[in-house]
Every structure is written in structure tokens, then in C-alpha cells.
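*Asks:* Structure supplied as run_9.txt; contents: compact mmCIF, C-alpha atoms.
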```txt
# COMPACT_ATOMS: atom_id res chain seq x y z
CA MET A 1 6.35 79.42 176.19
CA LYS A 2 8.38 78.55 173.09
CA PHE A 3 5.19 77.74 171.18
CA LEU A 4 3.70 81.04 172.24
CA LEU A 5 6.75 82.93 170.91
CA VAL A 6 6.58 81.08 167.59
CA PHE A 7 2.89 81.86 167.34
CA ILE A 8 3.47 85.58 168.05
CA CYS A 9 6.26 85.71 165.43
CA LEU A 10 4.09 83.96 162.89
CA PHE A 11 1.19 86.29 163.61
CA ILE A 12 3.40 89.38 163.09
CA SER A 13 4.82 87.89 159.90
CA VAL A 14 1.39 87.13 158.44
CA SER A 15 0.08 90.57 159.46
CA CYS A 16 2.98 92.28 157.70
CA THR A 17 2.56 90.16 154.57
CA GLU A 18 -1.11 90.99 154.47
CA GLU A 19 -0.35 94.69 154.64
CA LYS A 20 2.03 94.46 151.68
CA LYS A 21 -0.50 92.75 149.47
CA PRO A 22 -2.06 95.02 146.86
CA LYS A 23 -5.73 95.73 147.18
CA SER A 24 -7.73 92.99 145.57
CA ARG A 25 -9.46 93.84 142.30
CA PRO A 26 -13.13 94.66 142.57
CA SER A 27 -15.21 91.77 141.32
CA THR A 28 -16.81 93.96 138.65
CA LEU A 29 -13.50 94.73 136.91
CA LYS A 30 -13.50 93.36 133.38
CA VAL A 31 -10.20 92.22 131.93
CA LYS A 32 -10.07 93.36 128.33
CA LYS A 33 -9.62 90.57 125.84
CA PHE A 34 -7.42 91.66 122.97
CA GLY A 35 -7.83 90.65 119.36
CA GLY A 36 -10.79 89.92 117.16
CA GLU A 37 -12.18 90.31 113.68
CA PHE A 38 -11.59 93.51 111.69
CA THR A 39 -11.98 94.79 108.17
CA LEU A 40 -9.59 97.24 106.55
CA GLN A 41 -8.68 98.34 103.03
CA GLY A 42 -6.26 96.30 100.95
CA SER A 43 -5.08 96.98 97.41
CA GLN A 44 -7.91 94.77 96.12
CA GLY A 45 -10.62 96.29 98.32
CA ASP A 46 -11.98 95.27 101.71
CA TRP A 47 -9.84 92.77 103.59
CA SER A 48 -11.08 90.97 106.68
CA LEU A 49 -9.06 88.91 109.09
CA SER A 50 -11.53 86.05 108.64
CA SER A 51 -10.70 85.90 104.92
CA THR A 52 -7.48 84.11 105.89
CA SER A 53 -8.98 81.74 108.47
CA GLY A 54 -7.03 78.51 108.70
CA LYS A 55 -3.71 80.36 108.52
CA LEU A 56 -1.56 81.76 111.28
CA ARG A 57 -1.47 85.54 111.00
CA VAL A 58 1.53 87.66 112.05
CA MET A 59 0.44 91.28 112.23
CA TYR A 60 2.46 94.47 112.62
CA PHE A 61 1.35 98.11 112.95
CA GLY A 62 3.58 100.75 111.33
CA PHE A 63 3.68 103.26 108.46
CA THR A 64 5.47 103.39 105.12
CA THR A 65 7.54 106.53 105.74
CA CYS A 66 8.94 105.04 108.93
CA PRO A 67 12.70 105.34 108.36
CA ASP A 68 14.00 102.32 110.20
CA ILE A 69 11.75 100.67 112.81
CA CYS A 70 9.20 99.28 110.34
CA PRO A 71 11.70 98.29 107.62
CA LEU A 72 13.79 96.57 110.27
CA ALA A 73 10.73 94.83 111.72
CA LEU A 74 9.64 93.55 108.31
CA THR A 75 13.18 92.49 107.41
CA LYS A 76 13.42 90.53 110.66
CA LEU A 77 10.05 88.91 110.06
CA ASN A 78 11.07 87.92 106.57
CA ASN A 79 14.34 86.45 107.83
CA VAL A 80 12.55 84.43 110.51
CA LEU A 81 9.86 83.14 108.14
CA LYS A 82 12.51 82.16 105.59
CA LYS A 83 13.84 79.60 108.05
CA LEU A 84 10.58 77.67 107.93
CA SER A 85 9.93 74.97 105.35
CA PRO A 86 7.89 76.13 102.32
CA GLU A 87 4.95 74.02 103.59
CA LYS A 88 4.95 75.74 106.97
CA ARG A 89 5.59 79.17 105.48
CA ALA A 90 2.52 78.72 103.25
CA LYS A 91 0.39 78.39 106.38
CA ILE A 92 1.39 81.85 107.66
CA GLN A 93 -0.07 85.15 106.51
CA PRO A 94 2.01 88.24 107.38
CA VAL A 95 -0.12 91.38 107.67
CA PHE A 96 1.22 94.94 107.82
CA ILE A 97 -1.23 97.64 108.87
CA SER A 98 -0.31 101.26 108.22
CA VAL A 99 -1.66 103.51 110.95
CA ASP A 100 -0.76 106.56 108.85
CA TYR A 101 -4.18 106.83 107.21
CA LYS A 102 -3.39 110.45 106.27
CA ARG A 103 -0.45 109.67 103.99
CA ASP A 104 -0.67 105.98 103.09
CA THR A 105 -3.06 104.37 100.64
CA PRO A 106 -3.81 100.62 100.36
CA ALA A 107 -1.85 100.47 97.07
CA LYS A 108 1.13 102.23 98.61
CA VAL A 109 1.12 99.93 101.64
CA GLN A 110 0.92 96.84 99.42
CA GLU A 111 3.85 98.05 97.30
CA TYR A 112 5.75 98.71 100.50
CA VAL A 113 5.28 95.20 101.92
CA ASP A 114 5.97 93.55 98.55
CA PHE A 115 9.41 95.13 98.77
CA PHE A 116 10.18 93.07 101.88
CA GLY A 117 8.76 89.66 101.10
CA LYS A 118 6.36 87.54 99.14
CA GLY A 119 2.76 86.97 100.18
CA TYR A 120 2.49 89.88 102.60
CA VAL A 121 -0.77 91.76 102.91
CA GLY A 122 -0.59 95.55 103.27
CA LEU A 123 -3.60 97.33 104.73
CA THR A 124 -4.77 100.68 105.93
CA GLY A 125 -8.13 102.34 106.49
CA ASN A 126 -9.86 105.48 107.65
CA LYS A 127 -9.36 107.09 111.05
CA GLU A 128 -12.16 105.16 112.74
CA SER A 129 -11.23 101.72 111.42
CA ILE A 130 -7.53 102.18 112.21
CA GLU A 131 -8.20 103.45 115.72
CA LYS A 132 -10.59 100.53 116.27
CA VAL A 133 -8.16 97.79 115.24
CA VAL A 134 -5.28 99.43 117.12
CA SER A 135 -7.42 99.48 120.26
CA GLN A 136 -8.59 95.89 119.68
CA TYR A 137 -5.03 94.64 119.74
CA GLY A 138 -3.77 96.93 122.50
CA ALA A 139 -1.36 98.76 120.22
CA TYR A 140 -0.71 102.52 120.22
CA PHE A 141 -0.01 105.27 117.71
CA GLU A 142 -0.05 109.03 117.74
CA PHE A 143 0.44 111.67 115.06
CA VAL A 144 3.10 114.11 116.18
CA GLU A 145 3.60 117.43 114.45
CA LEU A 146 7.19 118.17 113.41
CA LYS A 147 7.10 121.91 112.92
CA ASP A 148 10.72 122.29 111.81
CA SER A 149 10.79 119.24 109.53
CA ALA A 150 9.84 118.79 105.87
CA LEU A 151 8.05 115.65 107.03
CA LYS A 152 5.46 117.93 108.71
CA TYR A 153 4.48 115.09 111.02
CA THR A 154 5.60 111.68 112.14
CA VAL A 155 3.80 108.78 113.78
CA ASP A 156 4.88 107.52 117.18
CA HIS A 157 3.93 103.88 117.44
CA THR A 158 4.45 100.65 119.31
CA SER A 159 6.59 98.05 117.58
CA ARG A 160 5.14 94.59 118.20
CA TYR A 161 4.31 91.47 116.25
CA TYR A 162 0.84 90.07 116.95
CA LEU A 163 0.40 86.34 116.48
CA ILE A 164 -3.15 85.30 115.64
CA ASP A 165 -4.08 81.62 115.42
CA GLN A 166 -5.90 79.77 112.65
CA LYS A 167 -9.29 80.49 114.21
CA GLY A 168 -8.66 84.22 114.51
CA ASN A 169 -7.85 84.22 118.21
CA PHE A 170 -5.11 86.58 119.32
CA HIS A 171 -2.38 84.37 120.77
CA LYS A 172 0.40 86.69 121.95
CA SER A 173 2.47 89.74 120.97
CA TYR A 174 6.25 89.98 120.73
CA THR A 175 8.65 92.92 120.62
CA GLU A 176 11.54 90.79 119.40
CA ILE A 177 11.37 87.76 117.14
CA SER A 178 14.80 87.16 115.67
CA LYS A 179 16.85 86.80 118.87
CA GLU A 180 14.01 85.73 121.11
CA PRO A 181 13.18 82.05 120.41
CA ASN A 182 9.66 82.17 121.90
CA PHE A 183 8.11 83.52 118.74
CA ILE A 184 9.23 80.75 116.41
CA VAL A 185 8.56 78.11 119.11
CA ASP A 186 4.99 79.45 119.43
CA VAL A 187 4.59 79.51 115.63
CA GLU A 188 5.74 75.89 115.36
CA THR A 189 3.42 74.85 118.21
CA LEU A 190 0.39 76.58 116.70
CA LEU A 191 1.14 75.10 113.27
CA LYS A 192 0.82 71.61 114.74
CA LYS A 193 -2.77 72.30 115.81
CA MET B 1 63.62 120.99 83.12
CA LYS B 2 62.80 117.44 84.10
CA LYS B 3 62.65 118.45 87.78
CA LEU B 4 60.38 121.37 86.95
CA LEU B 5 58.08 119.05 85.03
CA ILE B 6 57.89 116.67 88.00
CA MET B 7 57.14 119.61 90.29
CA ILE B 8 54.35 120.80 87.98
CA LEU B 9 52.91 117.30 87.82
CA LEU B 10 53.22 116.75 91.55
CA PHE B 11 51.80 120.12 92.60
CA PRO B 12 48.11 119.30 92.03
CA MET B 13 48.59 116.02 93.92
CA LEU B 14 50.21 117.77 96.86
CA ALA B 15 47.55 120.44 96.88
CA SER B 16 44.87 117.79 96.72
CA SER B 17 46.29 115.73 99.55
CA SER B 18 46.64 118.78 101.77
CA GLY B 19 43.00 119.52 100.98
CA THR B 20 41.97 116.16 102.43
CA MET B 21 43.92 116.66 105.64
CA THR B 22 40.78 117.71 107.51
CA GLU B 23 38.85 114.78 106.10
CA SER B 24 41.42 112.32 107.38
CA HIS B 25 40.64 113.56 110.87
CA ILE B 26 36.92 113.14 110.37
CA THR B 27 35.69 109.97 108.71
CA PHE B 28 32.33 108.55 107.72
CA GLU B 29 32.60 104.79 107.27
CA SER B 30 30.43 101.74 106.61
CA GLN B 31 27.90 104.12 105.15
CA TRP B 32 24.82 102.99 103.29
CA ILE B 33 21.55 104.35 102.03
CA LYS B 34 18.42 102.33 102.71
CA ALA B 35 16.85 100.89 99.55
CA VAL B 36 13.13 101.70 99.34
CA PRO B 37 10.21 100.73 97.08
CA ALA B 38 10.21 102.53 93.72
CA SER B 39 7.40 104.92 94.59
CA SER B 40 8.77 105.83 98.02
CA LYS B 41 9.97 109.39 98.42
CA MET B 42 11.74 108.84 101.74
CA SER B 43 14.91 107.07 102.71
CA ALA B 44 17.69 107.32 105.26
CA MET B 45 21.46 107.02 105.47
CA PHE B 46 23.47 105.25 108.14
CA GLY B 47 27.19 104.97 108.93
CA LYS B 48 29.85 105.71 111.51
CA LEU B 49 31.05 109.29 111.87
CA THR B 50 34.38 109.49 113.67
CA ASN B 51 36.03 112.62 115.02
CA ASN B 52 39.79 112.25 115.37
CA THR B 53 40.36 115.95 115.90
CA GLY B 54 41.31 117.43 119.25
CA LYS B 55 37.95 119.09 119.83
CA ASP B 56 34.27 118.17 119.83
CA LEU B 57 32.47 118.68 116.54
CA LYS B 58 28.90 119.80 116.10
CA LEU B 59 27.23 118.41 112.97
CA ILE B 60 24.75 121.04 111.83
CA GLU B 61 23.85 120.04 108.27
CA VAL B 62 24.17 117.34 105.65
CA LYS B 63 24.08 118.56 102.05
CA GLY B 64 23.38 116.49 98.96
CA THR B 65 21.33 116.35 95.80
CA ILE B 66 19.60 113.04 96.51
CA ALA B 67 16.48 114.63 98.02
CA LYS B 68 14.70 117.92 98.39
CA ASN B 69 15.36 117.88 102.12
CA ILE B 70 18.05 116.19 104.18
CA GLU B 71 17.55 116.25 107.93
CA ILE B 72 19.28 114.87 111.00
CA HIS B 73 16.91 112.70 112.98
CA THR B 74 17.04 110.73 116.16
CA HIS B 75 14.94 107.84 117.38
CA LYS B 76 14.04 106.95 120.91
CA LYS B 77 12.01 104.20 122.51
CA VAL B 78 9.92 105.58 125.36
CA ASN B 79 7.69 103.14 127.26
CA GLY B 80 7.65 100.80 124.27
CA VAL B 81 6.70 103.58 121.84
CA MET B 82 9.03 104.50 118.98
CA LYS B 83 9.51 108.26 118.67
CA MET B 84 11.39 109.84 115.79
CA ARG B 85 12.35 113.51 116.04
CA LYS B 86 14.36 116.00 114.01
CA VAL B 87 17.39 117.48 115.74
CA SER B 88 19.19 120.69 114.81
CA SER B 89 22.66 119.33 115.54
CA LEU B 90 24.59 116.40 116.94
CA ILE B 91 27.84 116.46 118.89
CA ILE B 92 30.60 114.08 117.84
CA PRO B 93 33.05 114.06 120.77
CA SER B 94 36.74 114.55 120.24
CA LYS B 95 38.46 111.19 119.58
CA GLY B 96 35.02 109.66 119.59
CA SER B 97 32.39 108.61 117.10
CA LEU B 98 28.67 108.61 116.48
CA GLU B 99 27.03 105.70 114.75
CA PHE B 100 24.02 106.45 112.61
CA LYS B 101 22.09 103.21 112.64
CA PRO B 102 18.54 101.90 112.42
CA MET B 103 16.48 102.76 115.52
CA HIS B 104 18.97 105.44 116.51
CA GLU B 105 20.33 108.58 114.85
CA HIS B 106 20.01 108.70 111.06
CA ILE B 107 20.27 111.07 108.14
CA MET B 108 16.75 111.35 106.73
CA PHE B 109 16.04 111.99 103.06
CA ILE B 110 12.66 113.59 102.45
CA GLY B 111 11.45 113.97 98.88
CA LEU B 112 13.81 111.76 96.89
CA LYS B 113 14.38 113.40 93.52
CA ASN B 114 14.66 110.11 91.64
CA LYS B 115 14.25 106.41 92.21
CA LEU B 116 17.29 105.22 94.17
CA ASP B 117 19.92 103.66 91.90
CA LYS B 118 21.92 100.80 93.44
CA SER B 119 24.76 101.32 90.95
CA LYS B 120 25.15 105.00 91.78
CA LYS B 121 27.44 106.64 94.29
CA TYR B 122 25.62 109.52 95.99
CA GLU B 123 27.72 112.48 97.14
CA PHE B 124 27.22 114.31 100.44
CA THR B 125 28.83 117.08 102.44
CA PHE B 126 28.68 117.00 106.22
CA VAL B 127 28.83 120.53 107.57
CA PHE B 128 30.12 121.14 111.08
CA ASP B 129 29.86 124.23 113.23
CA GLY B 130 32.88 126.45 112.59
CA GLY B 131 32.99 125.82 108.84
CA VAL B 132 34.61 122.38 108.81
CA GLU B 133 33.24 120.17 106.07
CA LEU B 134 33.53 116.49 105.19
CA LYS B 135 32.84 115.32 101.67
CA THR B 136 31.68 111.74 101.48
CA SER B 137 29.61 109.36 99.40
CA ALA B 138 27.39 106.33 99.89
CA THR B 139 25.66 103.63 97.89
CA VAL B 140 22.27 102.01 98.24
CA LYS B 141 21.66 98.64 99.83
CA LYS B 142 18.71 96.75 101.15
CA MET B 143 18.27 96.75 104.91
CA GLY B 144 19.48 93.45 106.33
CA GLY B 145 21.86 92.97 103.36
CA HIS B 146 25.53 92.32 103.80
CA SER B 147 27.41 94.63 101.43
CA HIS B 148 28.80 97.90 102.68
CA HIS B 149 30.32 100.77 100.83
CA HIS B 150 33.60 102.03 102.20
```
What would the structure in this file look like if it were written as C-alpha cells?
*Replies:*
Amino acid sequence: MKFLLVFICLFISVSCTEEKKPKSRPSTLKVKKFGGEFTLQGSQGDWSLSSTSGKLRVMYFGFTTCPDICPLALTKLNNVLKKLSPEKRAKIQPVFISVDYKRDTPAKVQEYVDFFGKGYVGLTGNKESIEKVVSQYGAYFEFVELKDSALKYTVDHTSRYYLIDQKGNFHKSYTEISKEPNFIVDVETLLKK
Amino acid sequence: MKKLLIMILLFPMLASSSGTMTESHITFESQWIKAVPASSKMSAMFGKLTNNTGKDLKLIEVKGTIAKNIEIHTHKKVNGVMKMRKVSSLIIPSKGSLEFKPMHEHIMFIGLKNKLDKSKKYEFTFVFDGGVELKTSATVKKMGGHSHHH
């Protein structure tokens, strides 16, 4: 009798658990793989991710008229990279991509990143190429009209750092890198490879 | 005669100090202007605006000659997306303060008239609803730096 009761209880428990489980994914669902090769415009002409193969790439999407998010992000990145030895720092290529293809030029973006640190690459491109790379890395941006502002428009955007390994494979993205130790731990780990 | 002379000398000082009475009740501290690349025509100002008066204050305008346009902006993070918007006014509660800081409210400069000069003190007037004004100034520093102008 006792065994029967236990069995009934177990059966009810399993039934309930089954009901709570989300529907399983259809077998045809493809999980999008982020990252990959891209070519944009730098101050010296075309710039492809593969041109810096062998280095770790830290990539950020923003725009040069961004009042605080992008400057803060680049300042933080610079502060974090400064903590590395010169040998390790030389193996990392920071890349800033301006999604504001309407207002920014490659020269302007390069001048902008030079203001924050040495050896940064500043890129932008046309609408198609920017939208493509943003989609590739799962980022987001949107032009938003500001009717009552002299700015005329602003760019809403995600604020993330994308870590790309020496072979060009997207490793991981981070919203915070200065307080969150995972970023630098991951950088150190990838540098050992 | 000597007393009269002292009175004459003291009068402008007394008049001046009474003129700053309002300002002592409203302060803008730890203010700084974000240094930008030479060709950049945009910048922003940050600092702590404190209202020690007995009533709420509504900031409606910031005047200055640094840029063609000076606007009050706010910044919000919605579902991981950074959204900057212009606002027509901001309330600084009585006996409270509002901190203009990166990723939050800021005073936006659009169309800088000249390259920002780190040795210069830029003058501003904060205009509040009801005609109250606060005259203040700020200097330029690089984001992430340590020096503040007081």
C-alpha cells in the first residue's frame, strides 16, 4: 500500500513537471551563430577583420557624437587594456565601429578613437555594410529623429564589447568590463592560446 | 569722512554679496566639460545641481557662448539599448539635488564655436522657471580624469 502511494505521488509529480516544461524546439530551428568576417571603411581605405588575424580583437559599436556612453566605453576599455603588459597589449586590436554612417566619416572616426588611446582602429561604412556587421554580431542601432533638437537625430544603440579571437571567431560579448572580471580573465585565457 | 569712505568702499561689496544670495541657495558643483577631439563639434557638461531653496525648481534653459545650441538631455537604458533624448525641463526638488553625469542627465553642447580650451573657464547661466538664475562656470577635462573644477 505504501509503495502504491509513493508511486502515485511520484506519478503526479512527474506529470506536473512535464506540464511546466517549455515546448521543445522544432528540430529544424537553426541557432544563429554570431560573428564572422567583414569589411568596412577605415581612414586608409578598406579594412577587413582578417587583416588583423593573429590578434585578439575587442570591438564596440557606437557613434562619434554620442555624448557619454561611447566616450565612457572607450575610456573604460583604455583603462582595462593599460593594465596589461606591453607585450600582451600589443596582441590586442581595439576596433570602434561607428553606426552613424550619415554623419561620421572614416577619418572622423579614426580621429575620434585616437583621442582615447593608441592603436585603435576607427571604422564606418555605408548603410548596407553597417547593417550587415551589426546583424552579424547581434548588435542593434536605430536612427531616431529629434524634432525639437539641434542634433536633428540621435542613434539608439546597444553598448557591448565584442571579443573576437585570433582566428576571427566571435568569443563573447560584455556589457561591463572594468568592474566585471570575466572580460580580462577571458582576454588573458585567449592570449595564452 | 573716513566712515563715509569706508561706506562707499563697502557698498559695492554689500550689493554684490546680496546679489549672490539666490546663488548660495542653488549650487552647481563638481562641474566639468567633456574634452573632445579637435574637430568634434559636440560636447557635454556634467555636475551636481543642488536646490537648497524651500520650493522645487524647474530648470528650463542653460545659456552660454560655448556652442550654438545648449540643450538639456537625458539618457536611458531600455532593454540594453541606450536612448538619449532632449527634455524641455528638469525638476530639482526642494532641498534636493540632480546630478548630471555620464549615462544620465547632461547638458549637451551642439555646434561648439571653437576648439575646447582646457585653460579656459566657460561661463553659463542656468535659467529656472519663475525667473531665478544661477551663474556658474566650468572647465574642460578628459572623461575618466581626476581633476574637477569647483
*Asks:* Please find the residues of chain A near chain B - the criterion being any atom within 10 Å, counting only C-alpha atoms - and write them as a ChimeraX atom specification.
*Replies:* /A:64-72,74-76,79,108,111-116,139-142,144-151,153-160,175
*Asks:* Leaving out stretch 46-63 of chain B and any residue of its chain fewer than 6 positions from it, which residues lie within 7 Å of it when counting all atoms listed in the file, given as a PyMOL selection string?
*Replies:* chain B and resi 25-33+70+88-101+106-107+124-129
*Asks:* Excluding same-chain residues fewer than 3 positions from A:Tyr60, what lies within 7 Å of it counting all atoms listed in the file, as a PyMOL selection string?
*Replies:* chain A and resi 95-97+160-162
*Asks:* One number please: atom CA of A:Ala90 to atom CA of A:Asn169, in Å, one decimal.
*Replies:*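 Going from atom CA of A:Ala90 over to atom CA of A:Asn169, I get 19.0 Å.
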*Asks:* If I take atom CA of A:Glu131 and atom CA of A:Tyr174, how far is one from the other in Å, to one decimal?
*Replies:*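 Taking atom CA of A:Glu131 as the start and atom CA of A:Tyr174 as the end point, the length is 20.4 Å.
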*Asks:* Kindly give the distance, in Å, that separates atom CA of A:Ser53 and atom CA of A:Pro106, rounded to a single decimal.
*Replies:* 21.2 Å
*Asks:* Within 10 Å of A:Val133, counting all atoms listed in the file, which residues qualify if same-chain residues fewer than 2 places away don't, as a ChimeraX atom specification?
*Replies:* /A:34-40,61,97,99,125,128-131,135-139
